[in-house]
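Undergrad: There's a structure below that I have some questions on.
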Amino acid sequence: MTIDVERWTDYLIEATDGRRAVAPITDTEPGLSLDDAYAIQDAVLARRLASGRRVVGAKLGLTSVAKQVQMGVASPVFGWLTDDMVLAADGCVTLDEVIHPRVEPEIVFHLGEELAGPGITHHDVLDAADWVTCGLEVIDSRYEDFRFTLPDVVADDTSASRFVLGTNRISPDATPLDLLGVLLEVGPDLRETAAGAACLGHPAAAVAALANWVGGRGRTLEAGWVVLSGGLTAAVPLAADVPVRATFAHLGTVAARGI
Ligand code: OOG
Ligand code: MG
């Protein structure tokens, strides 16, 4: 590895804490590899944990064609969720604390048992999860205009910023998750529609892939964690006082708004 991991870790933490978008790392380091990027992601997380944060789960990103097309990056990615990212059930996001937030609807798993890859299948995920709910992820790329390449977005914890969960929890096998429809509304306007299958064919298959990827890096998905399986639609900007609402079949409604 030829890159200076500490330098880029400082760079991303300062952007987050200073609420200031910065140029993608690859503008300066065009050779940034995916391994370099995950090393920066790990170092950013380690700093956060050293300052008192706690991991509460993991996330997939760029698991739907809608997201891959919107961001111009055609490969799924993963990142980590910490306790400071959890929003109250009203989904209010203090806009002074973020840069340029966007919102996307996701199917969310809560793990009752750990998932240790490799070899995890989507059936293992359905067995290990004790409940499933809907969520809105608030992404907030630290890069100007959400402009990034695959290694850039990985280094930046895949734009993780905040998330809010719905209150309706169902058993993972209560209904076929690939057939769950979702409507995404901004204020009174219907903006996007999708089904669970938009997420790599089945959201549980995406979580299985995640368990296997992190397993390859010596990590497990732990009991008690939440896993965001990835945005089903393109993300929409979060503005002051305009509610963004996702309504899912069987899972109910979850909303977020900027304040
Ligand atoms: C990267 C994060 C993508 C998802 O669900 O697709 C993501 C981004 O779009 O900024 O979280
Ligand atoms: Mg997401």
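Residue names in the structure tokens use chain letters A, B, ... in the order shown, residue numbers from 1 in each chain, and ligand numbers from 1 in the order shown.
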Could you list, as a list in words, all residues that come within 8 Å of ligand 2? Count only C-alpha atoms and all ligand atoms.

TA: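 Result of the 8 Å neighbour search around ligand 2: Lys59, Leu60, Gly61, Leu62, Glu104, Pro105, Glu106, Glu137, Val138, Ile139, Thr158, Ala160, Leu228, Ser229, Gly230 and Gly231 of chain A.
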
Undergrad: Go ahead and write the selection's residues with N, CA, C and O atoms as a PDB file, in the first residue's frame.

TA:
ATOM      1  N   LYS A  59     -24.214  -1.881   6.663  1.00  0.00           N
ATOM      2  CA  LYS A  59     -25.069  -1.485   5.546  1.00  0.00           C
ATOM      3  C   LYS A  59     -24.481  -1.947   4.236  1.00  0.00           C
ATOM      4  O   LYS A  59     -23.257  -2.024   4.077  1.00  0.00           O
ATOM      5  N   LEU A  60     -25.370  -2.236   3.330  1.00  0.00           N
ATOM      6  CA  LEU A  60     -24.981  -2.429   1.927  1.00  0.00           C
ATOM      7  C   LEU A  60     -25.332  -1.162   1.173  1.00  0.00           C
ATOM      8  O   LEU A  60     -26.242  -0.418   1.554  1.00  0.00           O
ATOM      9  N   GLY A  61     -24.634  -0.936   0.091  1.00  0.00           N
ATOM     10  CA  GLY A  61     -24.986   0.175  -0.782  1.00  0.00           C
ATOM     11  C   GLY A  61     -24.841  -0.250  -2.228  1.00  0.00           C
ATOM     12  O   GLY A  61     -24.172  -1.244  -2.540  1.00  0.00           O
ATOM     13  N   LEU A  62     -25.509   0.499  -3.096  1.00  0.00           N
ATOM     14  CA  LEU A  62     -25.412   0.271  -4.540  1.00  0.00           C
ATOM     15  C   LEU A  62     -25.784  -1.172  -4.893  1.00  0.00           C
ATOM     16  O   LEU A  62     -25.141  -1.822  -5.699  1.00  0.00           O
ATOM     17  N   GLU A 104     -33.132   7.472   1.090  1.00  0.00           N
ATOM     18  CA  GLU A 104     -33.497   6.329   0.239  1.00  0.00           C
ATOM     19  C   GLU A 104     -34.173   5.251   1.085  1.00  0.00           C
ATOM     20  O   GLU A 104     -33.814   5.048   2.245  1.00  0.00           O
ATOM     21  N   PRO A 105     -35.181   4.583   0.492  1.00  0.00           N
ATOM     22  CA  PRO A 105     -35.931   3.560   1.235  1.00  0.00           C
ATOM     23  C   PRO A 105     -35.233   2.205   1.186  1.00  0.00           C
ATOM     24  O   PRO A 105     -34.729   1.796   0.132  1.00  0.00           O
ATOM     25  N   GLU A 106     -35.215   1.529   2.340  1.00  0.00           N
ATOM     26  CA  GLU A 106     -34.504   0.251   2.415  1.00  0.00           C
ATOM     27  C   GLU A 106     -35.295  -0.745   3.259  1.00  0.00           C
ATOM     28  O   GLU A 106     -36.051  -0.363   4.153  1.00  0.00           O
ATOM     29  N   GLU A 137     -32.628   5.411   4.845  1.00  0.00           N
ATOM     30  CA  GLU A 137     -31.247   5.790   5.114  1.00  0.00           C
ATOM     31  C   GLU A 137     -31.046   7.221   4.654  1.00  0.00           C
ATOM     32  O   GLU A 137     -31.480   7.601   3.559  1.00  0.00           O
ATOM     33  N   VAL A 138     -30.398   8.028   5.506  1.00  0.00           N
ATOM     34  CA  VAL A 138     -29.991   9.384   5.141  1.00  0.00           C
ATOM     35  C   VAL A 138     -28.510   9.291   4.788  1.00  0.00           C
ATOM     36  O   VAL A 138     -27.675   9.055   5.669  1.00  0.00           O
ATOM     37  N   ILE A 139     -28.208   9.384   3.511  1.00  0.00           N
ATOM     38  CA  ILE A 139     -26.804   9.360   3.090  1.00  0.00           C
ATOM     39  C   ILE A 139     -26.310  10.801   2.957  1.00  0.00           C
ATOM     40  O   ILE A 139     -27.093  11.712   2.659  1.00  0.00           O
ATOM     41  N   THR A 158     -19.307   4.443   2.658  1.00  0.00           N
ATOM     42  CA  THR A 158     -20.443   4.382   1.729  1.00  0.00           C
ATOM     43  C   THR A 158     -21.521   5.427   2.069  1.00  0.00           C
ATOM     44  O   THR A 158     -22.714   5.137   2.064  1.00  0.00           O
ATOM     45  N   ALA A 160     -22.551   6.747   4.687  1.00  0.00           N
ATOM     46  CA  ALA A 160     -23.419   6.564   5.863  1.00  0.00           C
ATOM     47  C   ALA A 160     -23.471   7.842   6.689  1.00  0.00           C
ATOM     48  O   ALA A 160     -22.449   8.485   6.926  1.00  0.00           O
ATOM     49  N   LEU A 228     -28.868  -2.658   6.946  1.00  0.00           N
ATOM     50  CA  LEU A 228     -29.596  -1.967   5.880  1.00  0.00           C
ATOM     51  C   LEU A 228     -29.201  -2.631   4.566  1.00  0.00           C
ATOM     52  O   LEU A 228     -28.013  -2.670   4.220  1.00  0.00           O
ATOM     53  N   SER A 229     -30.191  -3.151   3.839  1.00  0.00           N
ATOM     54  CA  SER A 229     -29.867  -3.993   2.679  1.00  0.00           C
ATOM     55  C   SER A 229     -29.590  -3.194   1.408  1.00  0.00           C
ATOM     56  O   SER A 229     -29.135  -3.763   0.423  1.00  0.00           O
ATOM     57  N   GLY A 230     -29.843  -1.890   1.425  1.00  0.00           N
ATOM     58  CA  GLY A 230     -29.497  -1.064   0.260  1.00  0.00           C
ATOM     59  C   GLY A 230     -30.711  -0.353  -0.306  1.00  0.00           C
ATOM     60  O   GLY A 230     -31.832  -0.883  -0.270  1.00  0.00           O
ATOM     61  N   GLY A 231     -30.497   0.839  -0.810  1.00  0.00           N
ATOM     62  CA  GLY A 231     -31.579   1.668  -1.349  1.00  0.00           C
ATOM     63  C   GLY A 231     -32.260   0.968  -2.517  1.00  0.00           C
ATOM     64  O   GLY A 231     -31.605   0.474  -3.425  1.00  0.00           O
TER      65      GLY A 231
END

Undergrad: Give me, as a tab-separated table, each residue of region 110-170 of chain A that comes within 9 Å of region 199-204 of chain A, together with its shortest interatomic pair and the distance in Å at one decimal, counting only C-alpha atoms, with rows ordered by chain and rising residue number.

TA:
residue	atom	partner	partner_atom	distance
A:Thr121	CA	A:Ala204	CA	8.3
A:His122	CA	A:Ala204	CA	5.0
A:His123	CA	A:Ala204	CA	7.6
A:Asp124	CA	A:Ala204	CA	8.7
A:Val125	CA	A:Ala204	CA	5.9
A:Leu126	CA	A:Ala204	CA	6.7

Undergrad: Quick one: pick out all strand (DSSP E or B) residues within region 120-207 of chain A from a backbone DSSP run and write them as a tab-separated table (two decimals) with N, CA and C atoms, in the first residue's frame.

TA:
chain	number	residue	atom	x	y	z
A	129	ALA	N	-32.30	-13.69	11.18
A	129	ALA	CA	-32.97	-12.41	11.49
A	129	ALA	C	-34.18	-12.69	12.38
A	130	ASP	N	-34.35	-11.89	13.44
A	130	ASP	CA	-35.55	-12.08	14.24
A	130	ASP	C	-36.69	-11.17	13.80
A	131	TRP	N	-36.36	-10.06	13.16
A	131	TRP	CA	-37.41	-9.26	12.55
A	131	TRP	C	-36.88	-8.44	11.38
A	132	VAL	N	-37.85	-7.98	10.59
A	132	VAL	CA	-37.56	-7.14	9.44
A	132	VAL	C	-38.45	-5.92	9.54
A	133	THR	N	-37.92	-4.77	9.17
A	133	THR	CA	-38.75	-3.57	9.14
A	133	THR	C	-38.33	-2.72	7.93
A	134	CYS	N	-39.00	-1.58	7.78
A	134	CYS	CA	-38.60	-0.67	6.71
A	134	CYS	C	-37.73	0.43	7.32
A	135	GLY	N	-36.99	1.09	6.49
A	135	GLY	CA	-36.17	2.19	6.98
A	135	GLY	C	-35.92	3.20	5.90
A	136	LEU	N	-35.50	4.39	6.33
A	136	LEU	CA	-34.97	5.38	5.40
A	136	LEU	C	-33.52	5.60	5.80
A	137	GLU	N	-32.63	5.41	4.84
A	137	GLU	CA	-31.25	5.79	5.11
A	137	GLU	C	-31.05	7.22	4.65
A	138	VAL	N	-30.40	8.03	5.51
A	138	VAL	CA	-29.99	9.38	5.14
A	138	VAL	C	-28.51	9.29	4.79
A	139	ILE	N	-28.21	9.38	3.51
A	139	ILE	CA	-26.80	9.36	3.09
A	139	ILE	C	-26.31	10.80	2.96
A	143	TYR	N	-18.17	13.94	-0.17
A	143	TYR	CA	-17.59	14.46	-1.42
A	143	TYR	C	-18.55	15.46	-2.08
A	160	ALA	N	-22.55	6.75	4.69
A	160	ALA	CA	-23.42	6.56	5.86
A	160	ALA	C	-23.47	7.84	6.69
A	161	SER	N	-24.67	8.20	7.16
A	161	SER	CA	-24.81	9.39	7.98
A	161	SER	C	-25.85	9.20	9.09
A	162	ARG	N	-27.08	8.88	8.71
A	162	ARG	CA	-28.17	8.68	9.68
A	162	ARG	C	-29.10	7.61	9.11
A	163	PHE	N	-29.96	7.07	9.97
A	163	PHE	CA	-31.06	6.23	9.47
A	163	PHE	C	-32.18	6.20	10.49
A	164	VAL	N	-33.38	5.96	9.97
A	164	VAL	CA	-34.56	5.85	10.84
A	164	VAL	C	-35.28	4.56	10.46
A	165	LEU	N	-35.76	3.87	11.48
A	165	LEU	CA	-36.46	2.61	11.26
A	165	LEU	C	-37.96	2.79	11.43
A	170	ILE	N	-41.90	-7.29	11.29
A	170	ILE	CA	-42.52	-8.57	10.90
A	170	ILE	C	-41.47	-9.67	10.92
A	181	GLY	N	-43.71	-4.13	-2.26
A	181	GLY	CA	-43.68	-2.87	-3.01
A	181	GLY	C	-43.40	-1.70	-2.09
A	182	VAL	N	-42.78	-0.65	-2.64
A	182	VAL	CA	-42.54	0.57	-1.88
A	182	VAL	C	-42.83	1.79	-2.74
A	183	LEU	N	-43.45	2.79	-2.10
A	183	LEU	CA	-43.69	4.09	-2.73
A	183	LEU	C	-42.85	5.11	-1.97
A	184	LEU	N	-42.17	5.99	-2.70
A	184	LEU	CA	-41.39	7.05	-2.05
A	184	LEU	C	-41.99	8.38	-2.43
A	185	GLU	N	-42.46	9.12	-1.40
A	185	GLU	CA	-43.10	10.41	-1.65
A	185	GLU	C	-42.29	11.53	-1.01
A	186	VAL	N	-42.21	12.65	-1.71
A	186	VAL	CA	-41.57	13.85	-1.18
A	186	VAL	C	-42.66	14.90	-1.08
A	189	ASP	N	-45.79	14.61	-3.40
A	189	ASP	CA	-45.48	14.06	-4.73
A	189	ASP	C	-44.90	12.65	-4.66
A	190	LEU	N	-45.48	11.76	-5.43
A	190	LEU	CA	-44.92	10.42	-5.58
A	190	LEU	C	-43.70	10.52	-6.50
A	191	ARG	N	-42.52	10.13	-5.98
A	191	ARG	CA	-41.28	10.27	-6.77
A	191	ARG	C	-40.76	8.97	-7.33
A	192	GLU	N	-40.81	7.89	-6.52
A	192	GLU	CA	-40.16	6.64	-6.93
A	192	GLU	C	-41.02	5.47	-6.49
A	193	THR	N	-40.92	4.37	-7.22
A	193	THR	CA	-41.56	3.12	-6.81
A	193	THR	C	-40.57	1.98	-7.04
A	194	ALA	N	-40.69	0.92	-6.26
A	194	ALA	CA	-39.81	-0.24	-6.45
A	194	ALA	C	-40.42	-1.42	-5.71
A	195	ALA	N	-39.73	-2.56	-5.82
A	195	ALA	CA	-40.07	-3.75	-5.02
A	195	ALA	C	-38.78	-4.27	-4.40

Undergrad: I'd like to know which residues of region 123-179 of chain A are helix (DSSP H, G or I) (by DSSP, run on the backbone); could you write them as a list in words?

TA: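 Those residues are His123, Asp124, Val125, Leu126, Asp127, Ala128, Glu144, Asp145, Phe146, Leu150, Pro151, Asp152, Val153, Val154, Ala155, Asp157, Thr158, Ser159, Leu177, Asp178 and Leu179 of chain A.
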
Undergrad: Measure the distance from CA of His100 (chain A) to CA of Ala256 (chain A) in Å and round it to one decimal.

TA: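 Going from CA of His100 (chain A) over to CA of Ala256 (chain A) covers 14.3 Å.
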
Undergrad: Gly112 (chain A): which residues within 10 Å, counting only C-alpha atoms, same-chain residues fewer than 6 positions away excluded, as a count of residues only?

TA: 10

Undergrad: Which neighbours of Gln70 (chain A) fall inside 10 Å, counting only C-alpha atoms, when residues of the same chain fewer than 4 positions from it are skipped, and could you give them as a short mmCIF file (atom, residue, chain, number, x, y, z; two decimals) with N, CA and C atoms, in the first residue's frame?

TA:
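Produced file selection.cif, reproduced below:
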data_model
loop_
_atom_site.label_atom_id
_atom_site.label_comp_id
_atom_site.auth_asym_id
_atom_site.auth_seq_id
_atom_site.Cartn_x
_atom_site.Cartn_y
_atom_site.Cartn_z
N LEU A 62 -25.51 0.50 -3.10
CA LEU A 62 -25.41 0.27 -4.54
C LEU A 62 -25.78 -1.17 -4.89
N SER A 64 -29.00 -1.79 -5.90
CA SER A 64 -30.07 -1.74 -6.90
C SER A 64 -29.57 -1.03 -8.15
N VAL A 65 -30.15 -1.39 -9.27
CA VAL A 65 -29.80 -0.73 -10.53
C VAL A 65 -30.11 0.77 -10.43
N ALA A 66 -31.23 1.10 -9.76
CA ALA A 66 -31.61 2.52 -9.65
C ALA A 66 -30.49 3.32 -8.99
N ALA A 74 -21.15 0.85 -10.48
CA ALA A 74 -21.93 -0.37 -10.76
C ALA A 74 -21.49 -1.55 -9.91
N THR A 233 -34.59 2.50 -4.46
CA THR A 233 -34.87 3.49 -5.50
C THR A 233 -33.70 4.47 -5.54
N ALA A 234 -33.72 5.36 -6.51
CA ALA A 234 -32.79 6.49 -6.47
C ALA A 234 -33.05 7.27 -5.17
N ALA A 235 -32.01 7.92 -4.65
CA ALA A 235 -32.17 8.74 -3.44
C ALA A 235 -32.70 10.11 -3.82
#

Undergrad: From the set A:Leu251, A:Leu32, A:Leu12, A:Ala239, which residue has the shortest atom-to-atom contact distance to Pro176 (chain A), counting only C-alpha atoms?

TA: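 Of all the options, A:Leu251 lies closest to Pro176 (chain A).
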